[in-house]
file model-v9.txt (compact mmCIF, C-alpha atoms)
# COMPACT_ATOMS: atom_id res chain seq x y z
CA MET A 1 0.00 0.00 0.00
CA GLU A 2 2.83 2.37 0.80
CA GLN A 3 4.38 1.59 -2.55
CA VAL A 4 1.13 2.53 -4.29
CA LYS A 5 0.98 5.84 -2.40
CA GLU A 6 4.58 6.54 -3.29
CA LYS A 7 3.86 5.88 -6.96
CA MET A 8 0.81 8.13 -6.87
CA GLU A 9 2.78 10.94 -5.26
CA GLN A 10 5.48 10.54 -7.89
CA PHE A 11 2.80 10.55 -10.58
CA ASN A 12 1.27 13.76 -9.16
CA SER A 13 4.64 15.51 -9.05
CA GLU A 14 5.42 14.52 -12.63
CA MET A 15 2.01 15.60 -13.94
CA SER A 16 2.32 18.96 -12.18
CA LYS A 17 5.28 19.73 -14.47
CA ILE A 18 2.88 19.99 -17.42
CA PRO A 19 2.04 23.73 -17.79
CA PHE A 20 -1.71 23.50 -18.47
CA LEU A 21 -2.18 20.90 -15.71
CA ASP A 22 -0.32 23.14 -13.29
CA LYS A 23 -2.74 25.97 -14.08
CA ILE A 24 -5.75 23.70 -13.57
CA THR A 25 -4.27 22.45 -10.29
CA SER A 26 -3.76 26.02 -9.09
CA ALA A 27 -7.34 26.97 -10.00
CA THR A 28 -9.07 23.88 -8.58
CA ASN A 29 -6.69 22.84 -5.77
CA LEU A 30 -6.90 19.30 -7.11
CA PRO A 31 -3.82 17.07 -7.54
CA ALA A 32 -2.54 16.89 -11.08
CA GLY A 33 -2.72 13.10 -10.93
CA ALA A 34 -6.40 13.23 -10.05
CA ILE A 35 -7.07 15.56 -13.01
CA VAL A 36 -5.28 13.19 -15.36
CA ALA A 37 -7.18 10.24 -13.92
CA ALA A 38 -10.48 12.09 -14.49
CA MET A 39 -9.48 12.88 -18.07
CA VAL A 40 -8.60 9.25 -18.67
CA ALA A 41 -11.89 8.10 -17.14
CA LEU A 42 -13.79 10.53 -19.36
CA SER A 43 -11.90 9.26 -22.39
CA VAL A 44 -12.81 5.69 -21.46
CA VAL A 45 -16.47 6.64 -21.21
CA ILE A 46 -16.38 8.42 -24.57
CA VAL A 47 -14.69 5.44 -26.19
CA ALA A 48 -17.19 3.05 -24.62
CA LEU A 49 -20.14 5.08 -25.89
CA ASP A 50 -18.42 5.48 -29.29
CA PHE A 51 -19.02 9.17 -30.00
CA GLY A 52 -16.94 9.05 -33.20
CA ILE A 53 -13.64 10.21 -31.72
CA SER A 54 -12.60 6.90 -30.20
CA GLY A 55 -9.64 6.51 -32.53
CA PHE A 56 -8.31 9.97 -31.69
CA LEU A 57 -8.57 9.36 -27.94
CA VAL A 58 -6.80 6.02 -28.28
CA GLN A 59 -3.97 7.78 -30.11
CA VAL A 60 -3.78 10.42 -27.38
CA VAL A 61 -3.54 7.79 -24.64
CA GLY A 62 -1.39 5.32 -26.55
CA VAL A 63 0.98 7.65 -28.43
CA MET A 64 0.90 11.33 -27.45
CA TYR A 65 1.14 10.86 -23.70
CA PRO A 66 3.90 8.19 -23.96
CA VAL A 67 5.84 10.50 -26.31
CA PHE A 68 5.73 13.25 -23.69
CA LYS A 69 6.84 10.86 -20.95
CA SER A 70 9.62 9.48 -23.15
CA VAL A 71 10.99 12.98 -23.69
CA GLN A 72 10.92 13.53 -19.94
CA ALA A 73 12.74 10.23 -19.43
CA LEU A 74 15.44 11.23 -21.92
CA GLU A 75 15.98 14.55 -20.17
CA SER A 76 16.08 13.09 -16.65
CA LYS A 77 19.13 11.51 -15.01
CA ARG A 78 17.15 8.49 -13.79
CA THR A 79 17.39 5.17 -15.60
CA ASP A 80 14.27 3.38 -14.39
CA ASP A 81 11.95 5.58 -16.45
CA ASP A 82 14.11 4.98 -19.54
CA HIS A 83 13.65 1.24 -19.08
CA GLN A 84 9.92 1.65 -18.49
CA TRP A 85 9.18 3.65 -21.63
CA LEU A 86 11.58 1.76 -23.87
CA THR A 87 9.81 -1.42 -22.82
CA TYR A 88 6.45 0.23 -23.44
CA TRP A 89 7.36 1.18 -27.02
CA PHE A 90 8.64 -2.34 -27.65
CA ILE A 91 5.38 -3.93 -26.48
CA PHE A 92 3.32 -1.24 -28.22
CA SER A 93 5.08 -1.96 -31.53
CA LEU A 94 4.39 -5.68 -31.21
CA PHE A 95 0.76 -4.92 -30.35
CA GLN A 96 0.38 -2.66 -33.40
CA LEU A 97 1.92 -5.33 -35.63
CA ALA A 98 -0.47 -7.97 -34.30
CA GLU A 99 -3.42 -5.58 -34.64
CA HIS A 100 -2.71 -4.82 -38.29
CA THR A 101 -2.09 -8.49 -39.06
CA LEU A 102 -5.39 -9.55 -37.50
CA GLN A 103 -7.39 -6.52 -38.62
CA ILE A 104 -10.17 -8.64 -40.12
CA LEU A 105 -10.77 -10.38 -36.80
CA VAL A 106 -10.37 -7.16 -34.80
CA ASN A 107 -13.28 -5.56 -36.64
CA TYR A 108 -15.65 -8.18 -35.18
CA ILE A 109 -14.60 -7.73 -31.54
CA PRO A 110 -17.26 -5.71 -29.67
CA PHE A 111 -16.03 -2.67 -27.75
CA TYR A 112 -12.55 -3.22 -29.18
CA GLN A 113 -11.51 0.43 -28.83
CA LEU A 114 -12.50 0.38 -25.15
CA ILE A 115 -10.50 -2.82 -24.60
CA LYS A 116 -7.56 -1.28 -26.44
CA ILE A 117 -7.48 1.96 -24.45
CA LEU A 118 -7.74 0.06 -21.14
CA PHE A 119 -4.92 -2.23 -22.26
CA LEU A 120 -2.71 0.72 -23.21
CA ILE A 121 -3.38 2.38 -19.85
CA TRP A 122 -2.42 -0.85 -18.10
CA LEU A 123 0.79 -1.06 -20.15
CA GLN A 124 2.02 2.44 -19.28
CA ASN A 125 0.61 3.01 -15.80
CA PRO A 126 3.46 3.62 -13.31
CA VAL A 127 1.69 1.45 -10.73
CA THR A 128 0.81 -1.57 -12.88
CA ARG A 129 3.77 -1.34 -15.36
CA GLY A 130 2.08 -3.85 -17.63
CA ALA A 131 4.61 -3.51 -20.44
CA GLU A 132 7.46 -4.53 -18.16
CA LYS A 133 5.43 -7.47 -16.83
CA ILE A 134 4.75 -8.77 -20.34
CA TYR A 135 8.39 -8.39 -21.31
CA GLU A 136 9.88 -9.96 -18.20
CA GLU A 137 7.36 -12.79 -17.82
CA ARG A 138 6.60 -13.67 -21.45
CA LEU A 139 9.23 -12.33 -23.85
CA ALA A 140 12.58 -12.03 -22.07
CA HIS A 141 13.36 -15.77 -22.16
CA LEU A 142 12.40 -15.99 -25.84
CA ILE A 143 14.66 -13.07 -26.72
CA LYS A 144 17.56 -14.64 -24.81
CA LYS A 145 16.92 -17.96 -26.54
CA TYR A 146 17.06 -16.45 -30.03
CA LYS A 147 19.51 -13.66 -29.21
CA THR A 148 22.08 -14.80 -31.79
CA GLU A 149 19.54 -14.96 -34.63
CA ILE A 150 18.10 -11.56 -33.68
CA GLU A 151 21.56 -9.97 -33.62
CA GLN A 152 22.44 -11.51 -36.99
CA LEU A 153 19.22 -10.20 -38.50
CA ALA A 154 19.85 -6.74 -37.04
CA GLU A 155 23.41 -6.73 -38.40
CA ALA A 156 22.16 -7.78 -41.84
CA ILE A 157 19.62 -4.96 -41.86
CA ASP A 158 22.23 -2.45 -40.66
CA SER A 159 24.71 -3.52 -43.34
CA ALA A 160 22.02 -3.34 -46.02
CA LEU A 161 21.01 0.15 -44.93
CA SER A 162 24.61 1.36 -44.68
CA GLY A 163 25.38 -0.17 -48.09
CA SER A 164 22.47 1.61 -49.73
CA LYS A 165 23.55 4.89 -48.15
CA GLY A 166 27.10 4.32 -49.39
CA GLU A 167 25.86 3.77 -52.91
CA ASP A 168 23.81 6.95 -52.72
CA LYS A 169 26.81 8.94 -51.51
CA ALA A 170 29.07 7.49 -54.22
CA SER A 171 29.60 9.40 -57.44
CA ASP A 172 26.59 9.63 -59.67
CA PRO A 173 26.93 7.06 -62.47
CA LYS A 174 25.33 9.46 -64.94
CA ALA A 175 27.83 12.14 -64.10
CA ASP A 176 30.71 9.68 -64.45
CA SER A 177 29.57 7.96 -67.60
CA LYS A 178 28.67 11.02 -69.60
CA PRO A 179 32.17 12.55 -69.78
CA LYS A 180 33.66 9.15 -70.61
CA GLU A 181 31.17 8.60 -73.38
CA ASP A 182 31.77 12.10 -74.69
CA VAL A 183 35.56 11.65 -74.76
CA SER A 184 35.40 8.22 -76.38
CA SER A 185 32.83 9.36 -78.93
CA ARG A 186 34.91 12.42 -79.75
CA ALA A 187 38.00 10.27 -80.17
CA GLU A 188 36.19 7.88 -82.48
CA SER A 189 34.73 10.72 -84.53
CA TYR A 190 38.16 12.32 -84.69
CA LYS A 191 39.64 9.09 -86.05
CA VAL A 192 36.84 8.71 -88.57
CA ASP A 193 37.19 12.32 -89.73
CA LYS A 194 40.98 12.26 -89.95
CA ALA A 195 41.33 8.87 -91.60
CA PRO A 196 39.99 9.97 -95.02
CA ALA A 197 42.07 13.16 -94.87
CA ALA A 198 45.21 11.20 -94.15
CA SER A 199 44.54 8.80 -97.05
CA GLU A 200 43.94 11.75 -99.37
CA GLU A 201 47.29 13.27 -98.38
CA VAL A 202 49.05 9.96 -99.09
CA GLU A 203 47.41 9.76 -102.50
CA GLU A 204 48.47 13.35 -103.32
CA LEU A 205 52.09 12.57 -102.36
CA ASP A 206 52.08 9.44 -104.49
CA LYS A 207 50.73 11.23 -107.57
CA PRO A 208 54.01 13.13 -108.44
CA ALA A 209 55.99 9.92 -108.08
CA ALA A 210 53.63 8.14 -110.42
CA ASP A 211 53.81 11.03 -112.94
CA LYS A 212 57.61 10.89 -112.91
CA LYS A 213 57.56 7.18 -113.68
CA ASP A 214 55.23 7.74 -116.59
CA ASP A 215 57.63 10.38 -117.98

call {"tool": "encode", "arguments": {"input": "model-v9.txt", "output": "structure tokens"}}
result
Amino acid sequence: MEQVKEKMEQFNSEMSKIPFLDKITSATNLPAGAIVAAMVALSVVIVALDFGISGFLVQVVGVMYPVFKSVQALESKRTDDDHQWLTYWFIFSLFQLAEHTLQILVNYIPFYQLIKILFLIWLQNPVTRGAEKIYEERLAHLIKKYKTEIEQLAEAIDSALSGSKGEDKASDPKADSKPKEDVSSRAESYKVDKAPAASEEVEELDKPAADKKDD
């Protein structure tokens, strides 16, 4: 219980750093965490009743708020919040991949947007830390088991990306080939143009010698 209170106090202090929440807190004398909780509860109700903005609210809860918290984690000197939000984005990416893959089935699940927003809240909540639970209890041993294959795949992708960038940075083949083609074509045309002239000069030099023999 004390741990939950400590987490809630930490959550309130972090939420009070948001400018507009600080203004609301000053005007209402309510904790910033309670205001956020009320906003989340209202969002859940709106999603459940499906007022047409369910997708937007899911994006706010699942993307916009985690982006803000990730920026805070990057700027802070703590490391636990870095681990929390990095794990969240990892689980969120897997969830999005599964959702798009099974989109046909998802469309037939009743109240799916409500289930999704509750799941995302559970993943990122500082008290429940659902993303870390899924990673540590379900995925960590699989990642360790296939660590070598994952690293090889990552290295292959990195080398492919770096190779494509290297080719882009290399000299433009059009720019390199055009001057070469121009020089070679000029040389060939020069040979073709000069060859008849040279033969004509030889014939003119041979003519006096032939005339002298006739005489």

call {"tool": "closest_residue", "arguments": {"input": "model-v9.txt", "among": "A:Ile18, A:Leu118, A:Leu74, A:Leu86", "to": "Val47 (chain A)", "atoms": "only C-alpha atoms"}}
result
A:Leu118

call {"tool": "closest_residue", "arguments": {"input": "model-v9.txt", "among": "A:Tyr65, A:Pro19, A:Ala154, A:Gly33", "to": "Lys5 (chain A)", "atoms": "all atoms listed in the file"}}
result
A:Gly33

call {"tool": "atom_distance", "arguments": {"input": "model-v9.txt", "atom1": "CA of Thr128 (chain A)", "atom2": "CA of Lys7 (chain A)"}}
result
10.0 Å

call {"tool": "closest_residue", "arguments": {"input": "model-v9.txt", "among": "A:Val58, A:Lys69, A:Thr79, A:Ser93", "to": "Val45 (chain A)", "atoms": "only C-alpha atoms"}}
result
A:Val58

call {"tool": "residues_near_point", "arguments": {"input": "model-v9.txt", "point": "(-2.6, -2.2, -25.9)", "cutoff": "9 Å", "atoms": "all atoms listed in the file", "output": "ChimeraX atom specification"}}
result
/A:62,91-92,95-96,115-123

call {"tool": "residues_around", "arguments": {"input": "model-v9.txt", "residues": "Lys17 (chain A)", "least_positions_apart": "6", "cutoff": "12 Å", "atoms": "only C-alpha atoms", "output": "PyMOL selection string"}}
result
chain A and resi 10-11+23-25+31-33+68-69+72

call {"tool": "write_last_selection", "arguments": {"input": "model-v9.txt", "atoms": "C-alpha atoms", "output": "compact mmCIF listing (two decimals), in the frame of the given file"}}
result
# COMPACT_ATOMS: atom_id res chain seq x y z
CA GLN A 10 5.48 10.54 -7.89
CA PHE A 11 2.80 10.55 -10.58
CA LYS A 23 -2.74 25.97 -14.08
CA ILE A 24 -5.75 23.70 -13.57
CA THR A 25 -4.27 22.45 -10.29
CA PRO A 31 -3.82 17.07 -7.54
CA ALA A 32 -2.54 16.89 -11.08
CA GLY A 33 -2.72 13.10 -10.93
CA PHE A 68 5.73 13.25 -23.69
CA LYS A 69 6.84 10.86 -20.95
CA GLN A 72 10.92 13.53 -19.94

call {"tool": "atom_distance", "arguments": {"input": "model-v9.txt", "atom1": "CA of Asp82 (chain A)", "atom2": "CA of Arg129 (chain A)"}}
result
12.8 Å

call {"tool": "decode", "arguments": {"input": "model-v9.txt", "residues": "region 10-46 of chain A", "atoms": "N, CA and C atoms", "output": "JSON list (two decimals), in the first residue's frame"}}
result
[["chain", "number", "residue", "atom", "x", "y", "z"],
["A", 10, "GLN", "N", 4.54, 10.31, -6.80],
["A", 10, "GLN", "CA", 5.48, 10.54, -7.89],
["A", 10, "GLN", "C", 4.74, 10.92, -9.17],
["A", 11, "PHE", "N", 3.61, 10.26, -9.41],
["A", 11, "PHE", "CA", 2.80, 10.55, -10.58],
["A", 11, "PHE", "C", 2.25, 11.97, -10.51],
["A", 12, "ASN", "N", 1.78, 12.39, -9.34],
["A", 12, "ASN", "CA", 1.27, 13.76, -9.16],
["A", 12, "ASN", "C", 2.36, 14.80, -9.40],
["A", 13, "SER", "N", 3.55, 14.55, -8.87],
["A", 13, "SER", "CA", 4.64, 15.51, -9.05],
["A", 13, "SER", "C", 5.06, 15.61, -10.52],
["A", 14, "GLU", "N", 5.04, 14.50, -11.22],
["A", 14, "GLU", "CA", 5.42, 14.52, -12.63],
["A", 14, "GLU", "C", 4.35, 15.22, -13.48],
["A", 15, "MET", "N", 3.10, 14.97, -13.18],
["A", 15, "MET", "CA", 2.01, 15.60, -13.94],
["A", 15, "MET", "C", 1.94, 17.10, -13.69],
["A", 16, "SER", "N", 2.35, 17.53, -12.49],
["A", 16, "SER", "CA", 2.32, 18.96, -12.18],
["A", 16, "SER", "C", 3.35, 19.75, -12.99],
["A", 17, "LYS", "N", 4.28, 19.06, -13.62],
["A", 17, "LYS", "CA", 5.28, 19.73, -14.47],
["A", 17, "LYS", "C", 4.70, 20.17, -15.80],
["A", 18, "ILE", "N", 3.54, 19.60, -16.17],
["A", 18, "ILE", "CA", 2.88, 19.99, -17.42],
["A", 18, "ILE", "C", 2.22, 21.35, -17.20],
["A", 19, "PRO", "N", 2.52, 22.36, -18.05],
["A", 19, "PRO", "CA", 2.04, 23.73, -17.79],
["A", 19, "PRO", "C", 0.53, 23.86, -17.61],
["A", 20, "PHE", "N", -0.25, 23.29, -18.55],
["A", 20, "PHE", "CA", -1.71, 23.50, -18.47],
["A", 20, "PHE", "C", -2.30, 22.75, -17.27],
["A", 21, "LEU", "N", -1.71, 21.61, -16.90],
["A", 21, "LEU", "CA", -2.18, 20.90, -15.71],
["A", 21, "LEU", "C", -1.84, 21.66, -14.44],
["A", 22, "ASP", "N", -0.69, 22.32, -14.45],
["A", 22, "ASP", "CA", -0.32, 23.14, -13.29],
["A", 22, "ASP", "C", -1.30, 24.28, -13.09],
["A", 23, "LYS", "N", -1.76, 24.89, -14.19],
["A", 23, "LYS", "CA", -2.74, 25.97, -14.08],
["A", 23, "LYS", "C", -4.08, 25.45, -13.55],
["A", 24, "ILE", "N", -4.49, 24.27, -14.05],
["A", 24, "ILE", "CA", -5.75, 23.70, -13.57],
["A", 24, "ILE", "C", -5.65, 23.33, -12.09],
["A", 25, "THR", "N", -4.48, 22.81, -11.69],
["A", 25, "THR", "CA", -4.27, 22.45, -10.29],
["A", 25, "THR", "C", -4.33, 23.68, -9.39],
["A", 26, "SER", "N", -3.73, 24.78, -9.87],
["A", 26, "SER", "CA", -3.76, 26.02, -9.09],
["A", 26, "SER", "C", -5.17, 26.58, -8.97],
["A", 27, "ALA", "N", -5.98, 26.42, -10.01],
["A", 27, "ALA", "CA", -7.34, 26.97, -10.00],
["A", 27, "ALA", "C", -8.31, 26.11, -9.21],
["A", 28, "THR", "N", -8.11, 24.79, -9.21],
["A", 28, "THR", "CA", -9.07, 23.88, -8.58],
["A", 28, "THR", "C", -8.58, 23.28, -7.26],
["A", 29, "ASN", "N", -7.29, 23.45, -6.97],
["A", 29, "ASN", "CA", -6.69, 22.84, -5.77],
["A", 29, "ASN", "C", -6.79, 21.31, -5.77],
["A", 30, "LEU", "N", -6.86, 20.75, -6.96],
["A", 30, "LEU", "CA", -6.90, 19.30, -7.11],
["A", 30, "LEU", "C", -5.52, 18.80, -7.53],
["A", 31, "PRO", "N", -5.11, 17.62, -7.10],
["A", 31, "PRO", "CA", -3.82, 17.07, -7.54],
["A", 31, "PRO", "C", -3.81, 16.84, -9.05],
["A", 32, "ALA", "N", -2.65, 17.07, -9.64],
["A", 32, "ALA", "CA", -2.54, 16.89, -11.08],
["A", 32, "ALA", "C", -2.83, 15.45, -11.49],
["A", 33, "GLY", "N", -2.43, 14.50, -10.64],
["A", 33, "GLY", "CA", -2.72, 13.10, -10.93],
["A", 33, "GLY", "C", -4.20, 12.81, -10.96],
["A", 34, "ALA", "N", -4.96, 13.44, -10.06],
["A", 34, "ALA", "CA", -6.40, 13.23, -10.05],
["A", 34, "ALA", "C", -7.05, 13.81, -11.32],
["A", 35, "ILE", "N", -6.54, 14.94, -11.78],
["A", 35, "ILE", "CA", -7.07, 15.56, -13.01],
["A", 35, "ILE", "C", -6.81, 14.65, -14.20],
["A", 36, "VAL", "N", -5.60, 14.11, -14.26],
["A", 36, "VAL", "CA", -5.28, 13.19, -15.36],
["A", 36, "VAL", "C", -6.15, 11.94, -15.28],
["A", 37, "ALA", "N", -6.34, 11.42, -14.08],
["A", 37, "ALA", "CA", -7.18, 10.24, -13.92],
["A", 37, "ALA", "C", -8.61, 10.52, -14.37],
["A", 38, "ALA", "N", -9.13, 11.73, -14.05],
["A", 38, "ALA", "CA", -10.48, 12.09, -14.49],
["A", 38, "ALA", "C", -10.56, 12.20, -16.01],
["A", 39, "MET", "N", -9.51, 12.76, -16.61],
["A", 39, "MET", "CA", -9.48, 12.88, -18.07],
["A", 39, "MET", "C", -9.44, 11.50, -18.72],
["A", 40, "VAL", "N", -8.66, 10.61, -18.13],
["A", 40, "VAL", "CA", -8.60, 9.25, -18.67],
["A", 40, "VAL", "C", -9.95, 8.54, -18.52],
["A", 41, "ALA", "N", -10.58, 8.71, -17.36],
["A", 41, "ALA", "CA", -11.89, 8.10, -17.14],
["A", 41, "ALA", "C", -12.92, 8.63, -18.13],
["A", 42, "LEU", "N", -12.88, 9.95, -18.38],
["A", 42, "LEU", "CA", -13.79, 10.53, -19.36],
["A", 42, "LEU", "C", -13.52, 9.99, -20.76],
["A", 43, "SER", "N", -12.25, 9.82, -21.08],
["A", 43, "SER", "CA", -11.90, 9.26, -22.39],
["A", 43, "SER", "C", -12.42, 7.84, -22.52],
["A", 44, "VAL", "N", -12.31, 7.07, -21.44],
["A", 44, "VAL", "CA", -12.81, 5.69, -21.46],
["A", 44, "VAL", "C", -14.31, 5.67, -21.69],
["A", 45, "VAL", "N", -15.02, 6.58, -21.03],
["A", 45, "VAL", "CA", -16.47, 6.64, -21.21],
["A", 45, "VAL", "C", -16.82, 7.02, -22.64],
["A", 46, "ILE", "N", -16.12, 7.99, -23.19],
["A", 46, "ILE", "CA", -16.38, 8.42, -24.57],
["A", 46, "ILE", "C", -16.11, 7.28, -25.55]]
